[in-house]
Amino acid sequence: LLPPVLPGEGSRTRLSLARGESRLTDARLLHHRRDGAWDLLAAASRRAQDGFLVPEGFTAPFNQSANRTRTNSDLEEWSLLLRARRQLGESGSLRLLFSGVDGEKGVPPETHLDDGARYWRFPVSRRGLLGAALDVPLDDGRRWTLAATAAADFGEQEIRAYDDATYATPAREPGVDYETDRDRTGWLRARVRRGLGTDGALTVQGAARHTRHRESLVWDGPELTYTQWLGSLVAEAALPLGRGWRWRGGGGYEFASTPETGDKPARARTDAAVAHARVDRDLGAGVGLHAAVSRRSRFPALRELYSGALGRFVPNPDLAPERQD
């Protein structure tokens, strides 16, 4: 995703208003300003719709009336984006970001199921993201560079389950299916790069992510807490080999741990080695040759390990990391 760019000093403002089928309303406001070393952007929007329309003549065996508006597909959403970028010297930069969304929506029920279809609504669905990124040279010759990124992610949602497509029962009382989720995630990455000659480089990078999830599956019920750490430390080198050949290779260590697992079985810490190597050569006339080999891993997320999601999923704390060669 590339943010818009102002070619010079000054500002511009854009306002968009739209009205559409199924009582769609869409309003958007964007202001973009460039002032010296700063580039500032602010945007806000509101979108609401009674639901999306199905094609004329569409028939479904269950959970869809003769009305063309898809059952329980309405939504209302507010969003805000704030972004600031400052140039630091000739090649450095500082970037700041806030993004937020708040709304509510329905979940269309399956049309092929009579018994067992989801009759859900999201009375609360909101998320906020704060981020900062810094890229700076560490010496006058720009042989050493530092890149660091930090982010905080806050999420909150509620899922109410109903008995049927009338979305009227059961009454909201203690013990009724009603999921609440609260998520807090922090993320940090730092990378140091040392240029070697004209085409070579040595890079070392560390990253860490911590997420905390709290949930309750019934109205006024107990709240369970789950946490996860993900981390990695890797290094990579890129070197010319002569005669037009280049080599790049690296390796490192990654780990995952779940210190808190609610009322589910605990899980042992897992780790994995990662590595890759590549050689390539430009043969000219737009033709190139390369060969590469790598080993990678992906650790399961908390939701894959422990989510019950109103009875639609089964916790699987024994799920192993994916390995790929």
# chains A, B, ... in the order shown; residues from 1 in each chain; ligands from 1

call {"tool": "residues_around", "arguments": {"residues": "stretch 253-270 of chain A", "least_positions_apart": "2", "cutoff": "12 Å", "atoms": "only C-alpha atoms", "output": "ChimeraX atom specification"}}
result
/A:204-216,222-235,250-251,272-275,295-303,305-308,314-322

call {"tool": "residues_around", "arguments": {"residues": "stretch 88-93 of chain A", "least_positions_apart": "2", "cutoff": "8 Å", "atoms": "only C-alpha atoms", "output": "MDAnalysis selection string"}}
result
chainID A and resid 37 85:86 95 134:137

call {"tool": "residues_around", "arguments": {"residues": "stretch 100-103 of chain A", "least_positions_apart": "5", "cutoff": "9 Å", "atoms": "only C-alpha atoms", "output": "JSON, numbers by chain"}}
result
{"A": [75, 76, 77, 78, 79, 80, 81, 122, 123, 124, 125, 126, 127, 128, 129, 130]}

call {"tool": "write_last_selection", "arguments": {"atoms": "C-alpha atoms", "output": "PDB file, in the first residue's frame"}}
result
ATOM      1  CA  LEU A  75     -23.306  -2.763   8.846  1.00  0.00           C
ATOM      2  CA  GLU A  76     -22.331   0.591  10.286  1.00  0.00           C
ATOM      3  CA  GLU A  77     -18.690   1.647  10.572  1.00  0.00           C
ATOM      4  CA  TRP A  78     -16.606   4.670  11.520  1.00  0.00           C
ATOM      5  CA  SER A  79     -12.881   4.925  10.795  1.00  0.00           C
ATOM      6  CA  LEU A  80     -10.024   7.366  11.368  1.00  0.00           C
ATOM      7  CA  LEU A  81      -6.485   7.482   9.985  1.00  0.00           C
ATOM      8  CA  PHE A 122     -21.302  -8.267  16.170  1.00  0.00           C
ATOM      9  CA  PRO A 123     -22.748  -5.560  18.480  1.00  0.00           C
ATOM     10  CA  VAL A 124     -19.183  -4.307  19.057  1.00  0.00           C
ATOM     11  CA  SER A 125     -16.303  -4.483  16.605  1.00  0.00           C
ATOM     12  CA  ARG A 126     -13.467  -2.035  17.137  1.00  0.00           C
ATOM     13  CA  ARG A 127      -9.717  -1.882  16.669  1.00  0.00           C
ATOM     14  CA  GLY A 128      -6.947   0.667  17.088  1.00  0.00           C
ATOM     15  CA  LEU A 129      -3.380   0.529  15.830  1.00  0.00           C
ATOM     16  CA  LEU A 130      -0.479   2.765  16.873  1.00  0.00           C
TER      17      LEU A 130
END

call {"tool": "select_by_dssp", "arguments": {"residues": "stretch 186-322 of chain A", "states": "helix (DSSP H, G or I)", "output": "MDAnalysis selection string"}}
result
chainID A and resid 302:306 309:311

call {"tool": "closest_residue", "arguments": {"among": "A:Arg248, A:Arg193, A:Arg83, A:Arg46", "to": "A:Ala132", "atoms": "only C-alpha atoms"}}
result
A:Arg83

call {"tool": "closest_residue", "arguments": {"among": "A:Pro109, A:Gly20, A:Pro240, A:Pro4", "to": "A:Ala60", "atoms": "only C-alpha atoms"}}
result
A:Pro109
